[in-house]
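Shown below: my_file.csv, with CSV, N, CA and C atoms.
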chain,number,residue,atom,x,y,z
A,1,GLU,N,0.8,-1.2,0.0
A,1,GLU,CA,0.0,0.0,0.0
A,1,GLU,C,0.9,1.3,0.0
A,2,LYS,N,2.0,1.2,0.8
A,2,LYS,CA,2.8,2.4,0.8
A,2,LYS,C,3.5,2.6,-0.5
A,3,ALA,N,3.9,1.5,-1.1
A,3,ALA,CA,4.6,1.6,-2.4
A,3,ALA,C,3.6,2.1,-3.5
A,4,CYS,N,2.4,1.7,-3.4
A,4,CYS,CA,1.4,2.1,-4.4
A,4,CYS,C,1.0,3.6,-4.2
A,5,ALA,N,1.2,4.1,-3.0
A,5,ALA,CA,0.9,5.5,-2.8
A,5,ALA,C,2.0,6.5,-3.3
A,6,LYS,N,3.1,5.9,-3.6
A,6,LYS,CA,4.2,6.8,-4.1
A,6,LYS,C,4.0,7.1,-5.6
A,7,ALA,N,4.2,8.4,-5.9
A,7,ALA,CA,4.0,8.8,-7.3
A,7,ALA,C,5.1,8.3,-8.2
A,8,ASN,N,6.3,8.0,-7.7
A,8,ASN,CA,7.4,7.5,-8.5
A,8,ASN,C,7.5,6.0,-8.6
A,9,ILE,N,6.5,5.3,-8.1
A,9,ILE,CA,6.6,3.8,-8.1
A,9,ILE,C,5.3,3.3,-8.9
A,10,GLU,N,5.5,2.4,-9.8
A,10,GLU,CA,4.4,1.8,-10.5
A,10,GLU,C,4.6,0.3,-10.4
A,11,ILE,N,3.6,-0.4,-9.8
A,11,ILE,CA,3.7,-1.8,-9.6
A,11,ILE,C,2.9,-2.5,-10.7
A,12,LEU,N,3.5,-3.4,-11.5
A,12,LEU,CA,2.8,-4.1,-12.5
A,12,LEU,C,2.5,-5.5,-12.0
A,13,LYS,N,1.2,-5.8,-12.1
A,13,LYS,CA,0.8,-7.2,-11.7
A,13,LYS,C,0.3,-7.9,-12.8
A,14,ASN,N,0.4,-9.2,-12.7
A,14,ASN,CA,-0.1,-10.2,-13.7
A,14,ASN,C,0.5,-9.9,-15.1
A,15,VAL,N,1.8,-9.7,-15.1
A,15,VAL,CA,2.5,-9.5,-16.4
A,15,VAL,C,3.7,-10.5,-16.4
A,16,ALA,N,4.1,-10.8,-17.6
A,16,ALA,CA,5.3,-11.7,-17.8
A,16,ALA,C,6.4,-10.8,-18.5
A,17,THR,N,7.5,-10.7,-17.8
A,17,THR,CA,8.6,-10.0,-18.3
A,17,THR,C,9.2,-10.7,-19.5
A,18,LYS,N,9.3,-9.9,-20.6
A,18,LYS,CA,9.9,-10.4,-21.8
A,18,LYS,C,11.4,-10.1,-21.9
A,19,GLU,N,11.7,-8.8,-21.6
A,19,GLU,CA,13.1,-8.4,-21.8
A,19,GLU,C,13.3,-7.1,-20.9
A,20,ILE,N,14.5,-7.1,-20.3
A,20,ILE,CA,14.9,-5.8,-19.7
A,20,ILE,C,16.0,-5.2,-20.6
A,21,GLN,N,15.7,-4.0,-21.1
A,21,GLN,CA,16.6,-3.4,-22.1
A,21,GLN,C,17.5,-2.4,-21.4
A,22,ALA,N,18.7,-2.3,-22.0
A,22,ALA,CA,19.7,-1.4,-21.5
A,22,ALA,C,20.3,-0.5,-22.6
A,23,THR,N,20.7,0.7,-22.1
A,23,THR,CA,21.3,1.6,-23.0
A,23,THR,C,22.6,2.0,-22.3
A,24,ASN,N,23.8,1.8,-23.0
A,24,ASN,CA,25.1,2.1,-22.5
A,24,ASN,C,25.3,1.4,-21.1
A,25,GLY,N,24.9,0.2,-21.0
A,25,GLY,CA,25.1,-0.6,-19.9
A,25,GLY,C,24.2,-0.4,-18.7
A,26,LYS,N,23.2,0.5,-18.9
A,26,LYS,CA,22.2,0.8,-17.8
A,26,LYS,C,20.8,0.5,-18.2
A,27,VAL,N,20.0,0.0,-17.2
A,27,VAL,CA,18.6,-0.3,-17.5
A,27,VAL,C,17.9,0.9,-18.1
A,28,SER,N,17.2,0.7,-19.2
A,28,SER,CA,16.5,1.9,-19.8
A,28,SER,C,15.0,1.6,-20.0
A,29,ALA,N,14.6,0.3,-20.1
A,29,ALA,CA,13.2,0.0,-20.4
A,29,ALA,C,13.0,-1.5,-20.0
A,30,ILE,N,11.7,-1.8,-20.0
A,30,ILE,CA,11.3,-3.2,-19.8
A,30,ILE,C,10.2,-3.5,-20.8
A,31,SER,N,10.3,-4.6,-21.4
A,31,SER,CA,9.2,-5.1,-22.3
A,31,SER,C,8.5,-6.2,-21.5
A,32,TYR,N,7.2,-6.2,-21.5
A,32,TYR,CA,6.4,-7.2,-20.8
A,32,TYR,C,5.1,-7.5,-21.6
A,33,VAL,N,4.5,-8.7,-21.2
A,33,VAL,CA,3.2,-9.0,-21.8
A,33,VAL,C,2.2,-9.1,-20.7
A,34,ASP,N,1.1,-8.4,-20.9
A,34,ASP,CA,0.0,-8.4,-20.0
A,34,ASP,C,-0.7,-9.7,-20.2
A,35,ARG,N,-0.8,-10.5,-19.1
A,35,ARG,CA,-1.3,-11.9,-19.1
A,35,ARG,C,-2.8,-11.9,-19.4
A,36,VAL,N,-3.5,-10.8,-19.2
A,36,VAL,CA,-5.0,-10.8,-19.4
A,36,VAL,C,-5.2,-10.4,-20.9
A,37,SER,N,-4.7,-9.3,-21.3
A,37,SER,CA,-5.0,-8.9,-22.7
A,37,SER,C,-4.0,-9.5,-23.7
A,38,GLU,N,-2.9,-10.0,-23.2
A,38,GLU,CA,-1.8,-10.6,-24.1
A,38,GLU,C,-1.1,-9.5,-24.9
A,39,ALA,N,-1.3,-8.2,-24.5
A,39,ALA,CA,-0.7,-7.1,-25.3
A,39,ALA,C,0.7,-7.0,-24.8
A,40,GLU,N,1.6,-6.7,-25.7
A,40,GLU,CA,3.0,-6.5,-25.3
A,40,GLU,C,3.2,-5.0,-25.1
A,41,GLN,N,3.9,-4.7,-24.0
A,41,GLN,CA,4.1,-3.3,-23.6
A,41,GLN,C,5.6,-3.0,-23.4
A,42,ARG,N,6.0,-1.7,-23.6
A,42,ARG,CA,7.3,-1.3,-23.3
A,42,ARG,C,7.2,-0.1,-22.4
A,43,LEU,N,8.0,-0.1,-21.3
A,43,LEU,CA,8.0,0.9,-20.3
A,43,LEU,C,9.4,1.5,-20.1
A,44,ALA,N,9.6,2.7,-20.4
A,44,ALA,CA,10.9,3.4,-20.2
A,44,ALA,C,11.1,3.5,-18.7
A,45,LEU,N,12.3,3.2,-18.1
A,45,LEU,CA,12.5,3.3,-16.7
A,45,LEU,C,14.0,3.3,-16.4
A,46,ASP,N,14.4,3.6,-15.2
A,46,ASP,CA,15.8,3.6,-14.8
A,46,ASP,C,16.2,2.4,-13.9
A,47,GLY,N,15.2,1.6,-13.5
A,47,GLY,CA,15.6,0.4,-12.7
A,47,GLY,C,14.3,-0.4,-12.5
A,48,VAL,N,14.6,-1.7,-12.1
A,48,VAL,CA,13.5,-2.6,-11.9
A,48,VAL,C,13.7,-3.4,-10.6
A,49,PHE,N,12.6,-3.8,-10.0
A,49,PHE,CA,12.6,-4.8,-8.9
A,49,PHE,C,11.7,-5.9,-9.4
A,50,VAL,N,12.2,-7.1,-9.6
A,50,VAL,CA,11.4,-8.2,-10.1
A,50,VAL,C,11.1,-9.2,-9.0
A,51,GLN,N,9.8,-9.5,-8.9
A,51,GLN,CA,9.3,-10.5,-7.9
A,51,GLN,C,8.8,-11.6,-8.7
A,52,ILE,N,9.3,-12.9,-8.5
A,52,ILE,CA,8.9,-14.0,-9.3
A,52,ILE,C,7.8,-14.8,-8.7
A,53,GLY,N,7.4,-14.5,-7.5
A,53,GLY,CA,6.3,-15.3,-6.9
A,53,GLY,C,6.5,-15.5,-5.4
A,54,LEU,N,5.5,-15.9,-4.8
A,54,LEU,CA,5.5,-16.1,-3.3
A,54,LEU,C,5.2,-17.5,-2.9
A,55,VAL,N,4.7,-18.3,-3.8
A,55,VAL,CA,4.3,-19.7,-3.4
A,55,VAL,C,5.5,-20.6,-3.7
A,56,PRO,N,6.0,-21.3,-2.6
A,56,PRO,CA,7.1,-22.2,-2.8
A,56,PRO,C,6.8,-23.4,-3.6
A,57,ASN,N,7.7,-23.9,-4.4
A,57,ASN,CA,7.5,-25.1,-5.2
A,57,ASN,C,7.8,-26.3,-4.4
A,58,SER,N,6.9,-26.7,-3.5
A,58,SER,CA,7.2,-27.8,-2.6
A,58,SER,C,6.1,-28.8,-2.5
A,59,GLN,N,5.1,-28.7,-3.3
A,59,GLN,CA,3.9,-29.5,-3.2
A,59,GLN,C,4.3,-31.0,-3.4
A,60,PHE,N,5.3,-31.3,-4.1
A,60,PHE,CA,5.7,-32.7,-4.3
A,60,PHE,C,6.2,-33.3,-3.0
A,61,LEU,N,6.5,-32.5,-2.0
A,61,LEU,CA,7.0,-33.0,-0.8
A,61,LEU,C,6.0,-33.2,0.3
A,62,ASP,N,4.8,-32.8,0.0
A,62,ASP,CA,3.7,-32.9,1.0
A,62,ASP,C,3.5,-34.3,1.4
A,63,GLY,N,3.5,-34.6,2.6
A,63,GLY,CA,3.4,-36.0,3.1
A,63,GLY,C,4.7,-36.6,3.4
A,64,LEU,N,5.8,-36.1,2.8
A,64,LEU,CA,7.1,-36.6,3.1
A,64,LEU,C,7.8,-35.8,4.1
A,65,LEU,N,7.8,-34.5,4.0
A,65,LEU,CA,8.4,-33.5,4.9
A,65,LEU,C,7.3,-32.6,5.5
A,66,GLU,N,7.7,-32.1,6.7
A,66,GLU,CA,6.8,-31.2,7.4
A,66,GLU,C,6.9,-29.8,6.7
A,67,LEU,N,5.7,-29.3,6.3
A,67,LEU,CA,5.6,-28.0,5.6
A,67,LEU,C,4.8,-27.1,6.5
A,68,SER,N,5.1,-25.8,6.3
A,68,SER,CA,4.4,-24.7,7.0
A,68,SER,C,3.0,-24.5,6.3
A,69,ARG,N,2.2,-23.7,6.9
A,69,ARG,CA,0.9,-23.4,6.3
A,69,ARG,C,1.1,-22.8,4.9
A,70,ALA,N,2.2,-22.1,4.7
A,70,ALA,CA,2.5,-21.4,3.5
A,70,ALA,C,3.1,-22.3,2.4
A,71,GLY,N,3.4,-23.6,2.8
A,71,GLY,CA,4.0,-24.6,1.9
A,71,GLY,C,5.5,-24.6,2.0
A,72,GLU,N,6.1,-23.9,2.9
A,72,GLU,CA,7.6,-23.8,3.0
A,72,GLU,C,8.0,-25.1,3.8
A,73,ILE,N,9.2,-25.6,3.4
A,73,ILE,CA,9.8,-26.7,4.2
A,73,ILE,C,10.3,-26.2,5.5
A,74,ILE,N,9.9,-26.8,6.6
A,74,ILE,CA,10.3,-26.4,7.9
A,74,ILE,C,11.7,-27.0,8.2
A,75,ILE,N,12.6,-26.1,8.5
A,75,ILE,CA,14.0,-26.5,8.8
A,75,ILE,C,14.4,-25.8,10.1
A,76,ASP,N,15.5,-26.4,10.7
A,76,ASP,CA,16.1,-25.8,11.8
A,76,ASP,C,17.4,-25.0,11.4
A,77,GLU,N,18.2,-24.6,12.4
A,77,GLU,CA,19.3,-23.7,12.1
A,77,GLU,C,20.4,-24.4,11.2
A,78,LYS,N,20.4,-25.8,11.1
A,78,LYS,CA,21.3,-26.5,10.3
A,78,LYS,C,20.7,-27.1,9.1
A,79,CYS,N,19.5,-26.6,8.7
A,79,CYS,CA,18.8,-27.0,7.5
A,79,CYS,C,18.3,-28.4,7.6
A,80,HIS,N,18.2,-29.0,8.8
A,80,HIS,CA,17.6,-30.3,8.9
A,80,HIS,C,16.1,-30.2,8.7
A,81,THR,N,15.5,-31.1,8.0
A,81,THR,CA,14.0,-31.2,7.8
A,81,THR,C,13.4,-32.1,8.9
A,82,SER,N,12.2,-32.4,8.7
A,82,SER,CA,11.5,-33.4,9.6
A,82,SER,C,11.9,-34.8,9.4
A,83,GLU,N,12.6,-35.1,8.3
A,83,GLU,CA,13.1,-36.4,7.9
A,83,GLU,C,14.6,-36.5,8.0
A,84,ALA,N,15.1,-37.4,8.8
A,84,ALA,CA,16.6,-37.6,9.0
A,84,ALA,C,17.2,-37.8,7.6
A,85,GLY,N,18.3,-37.1,7.4
A,85,GLY,CA,19.1,-37.3,6.2
A,85,GLY,C,18.6,-36.5,5.0
A,86,ILE,N,17.5,-35.7,5.2
A,86,ILE,CA,17.0,-34.8,4.1
A,86,ILE,C,17.2,-33.4,4.6
A,87,TYR,N,17.9,-32.6,3.8
A,87,TYR,CA,18.2,-31.2,4.1
A,87,TYR,C,17.6,-30.3,3.1
A,88,ALA,N,17.2,-29.1,3.5
A,88,ALA,CA,16.6,-28.1,2.5
A,88,ALA,C,17.2,-26.8,2.7
A,89,CYS,N,17.2,-26.0,1.7
A,89,CYS,CA,17.7,-24.6,1.8
A,89,CYS,C,17.1,-23.7,0.8
A,90,GLY,N,17.2,-22.4,0.9
A,90,GLY,CA,16.7,-21.5,0.0
A,90,GLY,C,15.3,-21.0,0.2
A,91,ASP,N,14.7,-20.4,-0.8
A,91,ASP,CA,13.4,-19.8,-0.7
A,91,ASP,C,12.3,-20.7,-0.4
A,92,VAL,N,12.5,-22.0,-0.6
A,92,VAL,CA,11.4,-23.0,-0.4
A,92,VAL,C,11.3,-23.3,1.1
A,93,THR,N,12.2,-22.8,1.9
A,93,THR,CA,12.2,-23.2,3.3
A,93,THR,C,11.7,-22.0,4.2
A,94,THR,N,11.6,-22.3,5.5
A,94,THR,CA,11.1,-21.3,6.4
A,94,THR,C,12.1,-20.2,6.8
A,95,VAL,N,13.3,-20.2,6.2
A,95,VAL,CA,14.3,-19.2,6.5
A,95,VAL,C,13.8,-17.8,6.1
A,96,PRO,N,13.9,-16.8,6.9
A,96,PRO,CA,13.4,-15.5,6.5
A,96,PRO,C,14.4,-14.9,5.5
A,97,TYR,N,13.9,-13.8,4.9
A,97,TYR,CA,14.7,-13.0,4.0
A,97,TYR,C,15.0,-13.8,2.7
A,98,LYS,N,14.0,-13.9,1.8
A,98,LYS,CA,14.1,-14.6,0.6
A,98,LYS,C,15.0,-13.8,-0.4
A,99,GLN,N,16.3,-14.0,-0.2
A,99,GLN,CA,17.2,-13.3,-1.1
A,99,GLN,C,18.3,-14.3,-1.6
A,100,ILE,N,18.9,-14.0,-2.7
A,100,ILE,CA,19.8,-14.9,-3.3
A,100,ILE,C,21.0,-15.2,-2.4
A,101,ILE,N,21.5,-14.1,-1.8
A,101,ILE,CA,22.7,-14.3,-1.0
A,101,ILE,C,22.4,-15.1,0.3
A,102,VAL,N,21.2,-15.0,0.8
A,102,VAL,CA,20.8,-15.8,2.0
A,102,VAL,C,20.6,-17.2,1.5
A,103,SER,N,20.0,-17.5,0.4
A,103,SER,CA,19.9,-18.8,-0.1
A,103,SER,C,21.2,-19.5,-0.4
A,104,MET,N,22.2,-18.7,-0.8
A,104,MET,CA,23.5,-19.3,-1.1
A,104,MET,C,24.2,-19.7,0.2
A,105,GLY,N,24.0,-18.9,1.3
A,105,GLY,CA,24.6,-19.3,2.6
A,105,GLY,C,23.9,-20.5,3.2
A,106,GLU,N,22.5,-20.5,3.0
A,106,GLU,CA,21.8,-21.7,3.4
A,106,GLU,C,22.2,-23.0,2.7
A,107,GLY,N,22.5,-22.8,1.4
A,107,GLY,CA,23.0,-24.0,0.6
A,107,GLY,C,24.3,-24.5,1.2
A,108,ALA,N,25.2,-23.6,1.6
A,108,ALA,CA,26.4,-24.0,2.2
A,108,ALA,C,26.2,-24.7,3.5
A,109,LYS,N,25.3,-24.2,4.3
A,109,LYS,CA,24.9,-24.9,5.6
A,109,LYS,C,24.3,-26.2,5.4
A,110,ALA,N,23.4,-26.4,4.4
A,110,ALA,CA,22.8,-27.6,4.1
A,110,ALA,C,23.9,-28.7,3.7
A,111,ALA,N,24.8,-28.2,2.8
A,111,ALA,CA,25.8,-29.1,2.3
A,111,ALA,C,26.7,-29.6,3.5
A,112,LEU,N,27.1,-28.7,4.4
A,112,LEU,CA,27.9,-29.1,5.5
A,112,LEU,C,27.2,-30.0,6.5
A,113,SER,N,25.9,-29.8,6.7
A,113,SER,CA,25.1,-30.6,7.5
A,113,SER,C,24.9,-32.0,6.9
A,114,ALA,N,24.7,-32.1,5.6
A,114,ALA,CA,24.7,-33.4,4.9
A,114,ALA,C,26.0,-34.1,5.0
A,115,PHE,N,27.1,-33.4,4.8
A,115,PHE,CA,28.4,-34.0,5.0
A,115,PHE,C,28.6,-34.6,6.4
A,116,GLU,N,28.2,-33.8,7.4
A,116,GLU,CA,28.3,-34.2,8.8
A,116,GLU,C,27.5,-35.5,9.0
A,117,PHE,N,26.3,-35.5,8.4
A,117,PHE,CA,25.4,-36.7,8.5
A,117,PHE,C,26.1,-37.9,7.9
A,118,LEU,N,26.7,-37.7,6.7
A,118,LEU,CA,27.3,-38.9,6.0
A,118,LEU,C,28.5,-39.4,6.8
A,119,LEU,N,29.3,-38.5,7.4
A,119,LEU,CA,30.4,-38.9,8.3
A,119,LEU,C,29.9,-39.8,9.4
A,120,ALA,N,28.8,-39.4,10.0
A,120,ALA,CA,28.3,-40.0,11.2
A,120,ALA,C,27.5,-41.3,10.9
A,121,GLU,N,26.8,-41.3,9.8
A,121,GLU,CA,26.0,-42.4,9.4
A,121,GLU,C,26.4,-43.2,8.2
A,122,GLY,N,27.6,-42.9,7.6
A,122,GLY,CA,28.0,-43.5,6.4
A,122,GLY,C,28.1,-45.0,6.4
A,123,GLU,N,28.7,-45.6,7.4
A,123,GLU,CA,28.8,-47.1,7.5
A,123,GLU,C,27.4,-47.7,7.5
A,124,GLN,N,26.5,-47.2,8.3
A,124,GLN,CA,25.2,-47.8,8.4
A,124,GLN,C,24.5,-47.6,7.0
A,125,LEU,N,24.6,-46.5,6.4
A,125,LEU,CA,24.0,-46.3,5.1
A,125,LEU,C,24.6,-47.3,4.0
A,126,ASP,N,25.9,-47.5,4.1
A,126,ASP,CA,26.6,-48.4,3.2
A,126,ASP,C,26.0,-49.8,3.3
A,127,ARG,N,25.8,-50.3,4.6
A,127,ARG,CA,25.3,-51.6,4.9
A,127,ARG,C,23.8,-51.7,4.4
A,128,ALA,N,23.0,-50.7,4.6
A,128,ALA,CA,21.6,-50.7,4.1
A,128,ALA,C,21.6,-50.7,2.6
A,129,TYR,N,22.5,-50.0,1.9
A,129,TYR,CA,22.5,-50.0,0.5
A,129,TYR,C,22.9,-51.3,-0.1
A,130,ALA,N,23.9,-51.9,0.6
A,130,ALA,CA,24.4,-53.3,0.1
A,130,ALA,C,23.3,-54.3,0.3
A,131,ALA,N,22.5,-54.2,1.4
A,131,ALA,CA,21.4,-55.2,1.7
A,131,ALA,C,20.3,-55.0,0.7
A,132,GLN,N,20.0,-53.7,0.3
A,132,GLN,CA,19.0,-53.4,-0.7
A,132,GLN,C,19.4,-54.0,-2.1
A,133,ASN,N,20.7,-53.9,-2.4
A,133,ASN,CA,21.2,-54.4,-3.7
A,133,ASN,C,21.1,-55.9,-3.7
A,134,GLU,N,21.4,-56.6,-2.6
A,134,GLU,CA,21.3,-58.0,-2.5
A,134,GLU,C,19.9,-58.5,-2.7
A,135,LEU,N,19.0,-57.8,-2.1
A,135,LEU,CA,17.6,-58.1,-2.2
A,135,LEU,C,17.1,-57.9,-3.6
A,136,SER,N,17.5,-56.8,-4.3
A,136,SER,CA,17.1,-56.6,-5.7
A,136,SER,C,17.7,-57.7,-6.6
A,137,ALA,N,18.9,-58.1,-6.3
A,137,ALA,CA,19.5,-59.1,-7.2
A,137,ALA,C,18.9,-60.5,-7.0
A,138,SER,N,18.4,-60.8,-5.8
A,138,SER,CA,17.8,-62.1,-5.5
A,138,SER,C,16.4,-62.1,-6.1
A,139,VAL,N,15.7,-60.9,-6.2
A,139,VAL,CA,14.4,-60.9,-6.8
A,139,VAL,C,14.4,-61.0,-8.3
A,140,ALA,N,15.5,-60.4,-8.9
A,140,ALA,CA,15.6,-60.4,-10.3
A,140,ALA,C,16.0,-61.8,-10.8
This structure in structure tokens:
Amino acid sequence: EKACAKANIEILKNVATKEIQATNGKVSAISYVDRVSEAEQRLALDGVFVQIGLVPNSQFLDGLLELSRAGEIIIDEKCHTSEAGIYACGDVTTVPYKQIIVSMGEGAKAALSAFEFLLAEGEQLDRAYAAQNELSASVA
């Protein structure tokens, strides 16, 4: 509401960005398609803030991992999910501040946590994997 009240801010909704144009290395315009009318528009400007959506792409995990009411994967400070050995990071999780740099840091944390898990549980996982392969071979 505050942004909409500003004379120098225009919020475009229900549009698909086609191209951000530059002149001499600086943003000069944006071309977009109105999703309702399908009309292509060009808007001269000096900068853009692009929002790609608010709904996390986590529906395929429903029933496997604990999700928030908003559909985010619930994680702790080490990116553990509700299922042992499964880690999550980035905008699909409950971590605040959905920003690229935050997601990158979360990715590093998730990788370190997974590495720690493999160090602690690796032998047990190897035995389970070998047993599964033996069972598959005997069924075939």
*asked:* Quick check for you: according to DSSP on this backbone, which residues of range 16-120 of chain A are classed as strand (DSSP E or B)? Reply as a count of residues only.
replied: 29
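For the pair atom N of Ala140 in chain A and CA of Gln124 in chain A, the separation is 23.5 Å.
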*Shell of 8 Å around Ala114 in chain A, only N, CA and C atoms, local chain residues under 6 positions omitted, as a list in words*: Lys78, Cys79, His80, Gly85, Ile86, Tyr87, Ala108 and Ala120 of chain A
Selection to disk with N, CA and C atoms, as a CSV table (one decimal), keeping the file's coordinate frame:
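Below is the file selection13.csv, written as the result:
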chain,number,residue,atom,x,y,z
A,78,LYS,N,20.4,-25.8,11.1
A,78,LYS,CA,21.3,-26.5,10.3
A,78,LYS,C,20.7,-27.1,9.1
A,79,CYS,N,19.5,-26.6,8.7
A,79,CYS,CA,18.8,-27.0,7.5
A,79,CYS,C,18.3,-28.4,7.6
A,80,HIS,N,18.2,-29.0,8.8
A,80,HIS,CA,17.6,-30.3,8.9
A,80,HIS,C,16.1,-30.2,8.7
A,85,GLY,N,18.3,-37.1,7.4
A,85,GLY,CA,19.1,-37.3,6.2
A,85,GLY,C,18.6,-36.5,5.0
A,86,ILE,N,17.5,-35.7,5.2
A,86,ILE,CA,17.0,-34.8,4.1
A,86,ILE,C,17.2,-33.4,4.6
A,87,TYR,N,17.9,-32.6,3.8
A,87,TYR,CA,18.2,-31.2,4.1
A,87,TYR,C,17.6,-30.3,3.1
A,108,ALA,N,25.2,-23.6,1.6
A,108,ALA,CA,26.4,-24.0,2.2
A,108,ALA,C,26.2,-24.7,3.5
A,120,ALA,N,28.8,-39.4,10.0
A,120,ALA,CA,28.3,-40.0,11.2
A,120,ALA,C,27.5,-41.3,10.9
Quick one: residues within 8 Å of range 43-49 of chain A, all atoms listed in the file, excluding same-chain residues fewer than 6 positions away - as a PDB file with N, CA and C atoms, in the coordinates of the input?
ATOM      1  N   LYS A  26      23.200   0.500 -18.900  1.00  0.00           N
ATOM      2  CA  LYS A  26      22.200   0.800 -17.800  1.00  0.00           C
ATOM      3  C   LYS A  26      20.800   0.500 -18.200  1.00  0.00           C
ATOM      4  N   VAL A  27      20.000   0.000 -17.200  1.00  0.00           N
ATOM      5  CA  VAL A  27      18.600  -0.300 -17.500  1.00  0.00           C
ATOM      6  C   VAL A  27      17.900   0.900 -18.100  1.00  0.00           C
ATOM      7  N   SER A  28      17.200   0.700 -19.200  1.00  0.00           N
ATOM      8  CA  SER A  28      16.500   1.900 -19.800  1.00  0.00           C
ATOM      9  C   SER A  28      15.000   1.600 -20.000  1.00  0.00           C
ATOM     10  N   ALA A  29      14.600   0.300 -20.100  1.00  0.00           N
ATOM     11  CA  ALA A  29      13.200   0.000 -20.400  1.00  0.00           C
ATOM     12  C   ALA A  29      13.000  -1.500 -20.000  1.00  0.00           C
ATOM     13  N   ILE A  30      11.700  -1.800 -20.000  1.00  0.00           N
ATOM     14  CA  ILE A  30      11.300  -3.200 -19.800  1.00  0.00           C
ATOM     15  C   ILE A  30      10.200  -3.500 -20.800  1.00  0.00           C
ATOM     16  N   SER A  31      10.300  -4.600 -21.400  1.00  0.00           N
ATOM     17  CA  SER A  31       9.200  -5.100 -22.300  1.00  0.00           C
ATOM     18  C   SER A  31       8.500  -6.200 -21.500  1.00  0.00           C
ATOM     19  N   TYR A  32       7.200  -6.200 -21.500  1.00  0.00           N
ATOM     20  CA  TYR A  32       6.400  -7.200 -20.800  1.00  0.00           C
ATOM     21  C   TYR A  32       5.100  -7.500 -21.600  1.00  0.00           C
TER      22      TYR A  32
END
*Any chance you could list, as a PyMOL selection string, the residues in range 25-140 of chain A that come up alpha helix (DSSP H) when DSSP is run on the backbone?*
chain A and resi 100-139
*For Ile74 in chain A, which of A:Ser37, A:Asn57, A:Thr93, A:Asn14 is the closest residue, counting all atoms listed in the file?*
A:Thr93
*asked:* For a cutoff of 8 Å around the file-coordinate point (14.2, -26.5, -0.6), which residues qualify once you count only N, CA and C atoms? I'd like the result as a VMD selection string.
replied: chain A and resid 57 to 58 72 to 73 87 to 94
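Between atom C of Glu10 in chain A and atom C of Gln99 in chain A the separation is 21.9 Å.
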*asked:* If we count only C-alpha atoms and set the cut-off at 7 Å, which residues sit around range 62-71 of chain A, ignoring sequence neighbours fewer than 4 positions away in its own chain? Please answer as a list of chain:residue names.
replied: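 In the requested form, the answer reads A:Pro56, A:Ser58, A:Thr81, A:Ser82, A:Glu83.
Coordinates place CA of Phe117 in chain A at a distance of 20.9 Å from CA of Leu61 in chain A.
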*Point out the residue among A:Ile9, A:Ile75, A:Ala131, A:Val55 with the least atom-to-atom distance to Val95 in chain A, counting all atoms listed in the file.*
A:Ile75
